[in-house]
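Participant: First, the structure itself, so that you have it in front of you.
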Amino acid sequence: MIDNKTFIIGGIVIALLIGVVAVFMASSDPDGLESTALVVQGQKELTGATPENAEIQEDPNGKFSYESPMPDYSLGERFGPLGGMVAIAAGTILALLIVVGAIYSIKIAGKATK
Amino acid sequence: MHIPDAFIPIPQGIVYWIIALVFVALALRWAKNEMSDEKIPIVAVLAAGIFALQSFNLPVSMGTSGHLVGGALAAIVLGSPFAAVFIIALVLIVQGVLFGDGGITTMGANIINMGVIGGFIGFYSFKGLMGMTRSMPVSAFLAAWLACLIPALAAAVEMFMAGTFPLEAGLLAMGIYHAIIGIVEGIVTIGVIYLIVNVRPDLVDVGVKRPAGA
């Protein structure tokens, strides 16, 4: 049985490796929801390949719009795959820190109200 | 199945946010009362792992890709559906705000689908199947498969109510694509549970012991 430190470091290393592999091996096909949007919009057959020029038609009326700083897990074309790795690694570490930070905050707040 | 902002009108998004916040509040209460310090390492690793797995779009044929959700995994490993709500909600906030994966006004719907529905379906179907089969791999596979498929069908219904998809075609396509993605979800869920049971059996209680000799 490994100790907590080894478990956490090992877990983070595996997560980061998944992120690195994702940058190079992730499919460029649309995900299930996007594929469904293309199907219902008549741009793609249900079981067929996604045409290269297929693009989801969006109706922005009454919808919110937001530009994220690192869209599509990338730092932009200028930084290439390295930017993708940095983006996913940053997200992975941030997700971990936010979840652990939230737990400690809840615990500390809970003790303070006792 | 991260719903972008453009797929749901703002008023409907607000309704989903309100429902999601109720479950997030319950998840915070669960974390306060049930989360022991011993569980923190596994929660930390699950958060990192689920983020990474969700960023990895695997090809699933039919011109479609899919990534794992991890709701069933979190709920099974931590022994509560609220664990999934807690982790998935925070992961979705990072994804939506920083990476534009899932919208801001639709984040409530995404938390409901992947965290709440995925977590509850994953946890209770695992519990029920373990009672019937006494087999962790069978139970975890089916629970994870359902926790991928059912949230996708829920998303299709939400898309119908938003006027984005017709109901029948949306359910059919979402169902077919996520039934396939769910197979990968099931296999990875089994693998991760075995991995954790092997290295830290004290951190999980899923009714499976360390393999002999491990």
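Residues in the structure tokens are numbered from 1 in each chain, the chains being A, B, ... in the order shown, and ligands are numbered from 1 in the order shown.
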Would you give me, as JSON lines, each residue of chain A having an atom within 8 Å of an atom of stretch 24-37 of chain B, along with its shortest atom pair and that distance in Å to one decimal, using only C-alpha atoms and sorting by chain and residue number?

Facilitator:
```
{"residue": "A:Ile103", "atom": "CA", "partner": "B:Ala31", "partner_atom": "CA", "distance": 6.7}
{"residue": "A:Ile106", "atom": "CA", "partner": "B:Lys32", "partner_atom": "CA", "distance": 5.8}
{"residue": "A:Lys107", "atom": "CA", "partner": "B:Lys32", "partner_atom": "CA", "distance": 5.8}
{"residue": "A:Gly110", "atom": "CA", "partner": "B:Lys32", "partner_atom": "CA", "distance": 6.8}
```

Participant: Output as number ranges by chain all residues of chain A that backbone DSSP marks as helix (DSSP H, G or I).

Facilitator: A: 4-25, 32-40, 71-73, 77-113

Participant: Kindly give the distance, in Å, that separates atom CA of B:Val157 and atom CA of B:Val116, rounded to a single decimal.

Facilitator: 15.7 Å

Participant: Measure the distance from atom CA of B:Ile176 to atom CA of B:Ile111 in Å and round it to one decimal.

Facilitator: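 Atom-to-atom, atom CA of B:Ile176 to atom CA of B:Ile111, that is 21.8 Å.
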
Participant: Measuring between only C-alpha atoms, which one of A:Leu17, A:Leu97, A:Ile56, A:Leu82 shows the shortest distance to A:Val40?

Facilitator: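 Residue with the minimum atom-to-atom distance to A:Val40: A:Ile56.
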
Participant: Excluding stretch 4-16 of chain A and residues on its chain fewer than 5 positions from it, collect all residues at most 9 Å away from it, counting only C-alpha atoms, and give them as a ChimeraX atom specification.

Facilitator: /A:21,85,88-89,92-93,96 /B:38,41-42,44-46,48-53,199-200

Participant: Take the residues just selected and output them with C-alpha atoms as a short mmCIF file (atom, residue, chain, number, x, y, z; two decimals), in the first residue's frame.

Facilitator:
```
data_model
loop_
_atom_site.label_atom_id
_atom_site.label_comp_id
_atom_site.auth_asym_id
_atom_site.auth_seq_id
_atom_site.Cartn_x
_atom_site.Cartn_y
_atom_site.Cartn_z
CA VAL A 21 -1.88 12.11 -24.84
CA MET A 85 -0.42 20.67 -23.03
CA ILE A 88 -4.76 21.00 -20.01
CA ALA A 89 -2.05 20.75 -17.33
CA THR A 92 -5.92 19.64 -14.28
CA ILE A 93 -3.95 21.24 -11.45
CA LEU A 96 -7.48 19.63 -8.08
CA GLU B 38 -8.54 10.53 4.96
CA PRO B 41 -6.19 12.48 -1.33
CA ILE B 42 -8.64 10.44 -3.36
CA ALA B 44 -7.92 15.42 -5.15
CA VAL B 45 -6.79 12.68 -7.53
CA LEU B 46 -10.34 12.12 -8.83
CA ALA B 48 -7.48 15.94 -11.54
CA GLY B 49 -8.23 12.64 -13.29
CA ILE B 50 -11.81 13.54 -14.21
CA PHE B 51 -10.69 16.90 -15.63
CA ALA B 52 -8.01 15.22 -17.75
CA LEU B 53 -10.33 12.43 -18.93
CA VAL B 199 -2.82 0.78 -4.40
CA ARG B 200 -5.05 2.12 -1.60
#
```

Participant: May I ask for the distance between atom CA of B:Ala84 and atom CA of B:Gly70, given in Å to one decimal place?

Facilitator: 7.8 Å

Participant: Which neighbours of B:Leu92 fall inside 10 Å, counting only C-alpha atoms, when residues of the same chain fewer than 3 positions from it are skipped, and could you give them as a PyMOL selection string?

Facilitator: (chain A and resi 95) or (chain B and resi 2+51+54+87-89+95-104+107-108+110-111+114-115)

Participant: Identify, on the basis of only C-alpha atoms, every residue whose closest approach to stretch 45-51 of chain A does not exceed 6 Å; exclude the query and any residue fewer than 5 positions from it along the same chain; express the result as a ChimeraX atom specification.

Facilitator: /A:39 /B:62-63

Participant: Which residues are close to B:Leu58, i.e. within 10 Å by only C-alpha atoms, leaving aside same-chain residues fewer than 4 positions away? Reply as a list in words.

Facilitator: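 Contacts, in chain order: Ala22, Met25, Ala26, Ser27, Ser28, Asp29 and Asp31 of chain A; Leu53, Gln54, Thr64, Ser65, Gly66, His67, Leu68, Ile181 and Val184 of chain B.
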
Participant: Could you name the residues that touch A:Val23 at 8 Å or less, counting only C-alpha atoms, but leaving out those on the same chain fewer than 5 positions away, as a PyMOL selection string?

Facilitator: (chain A and resi 81+84-85) or (chain B and resi 56)
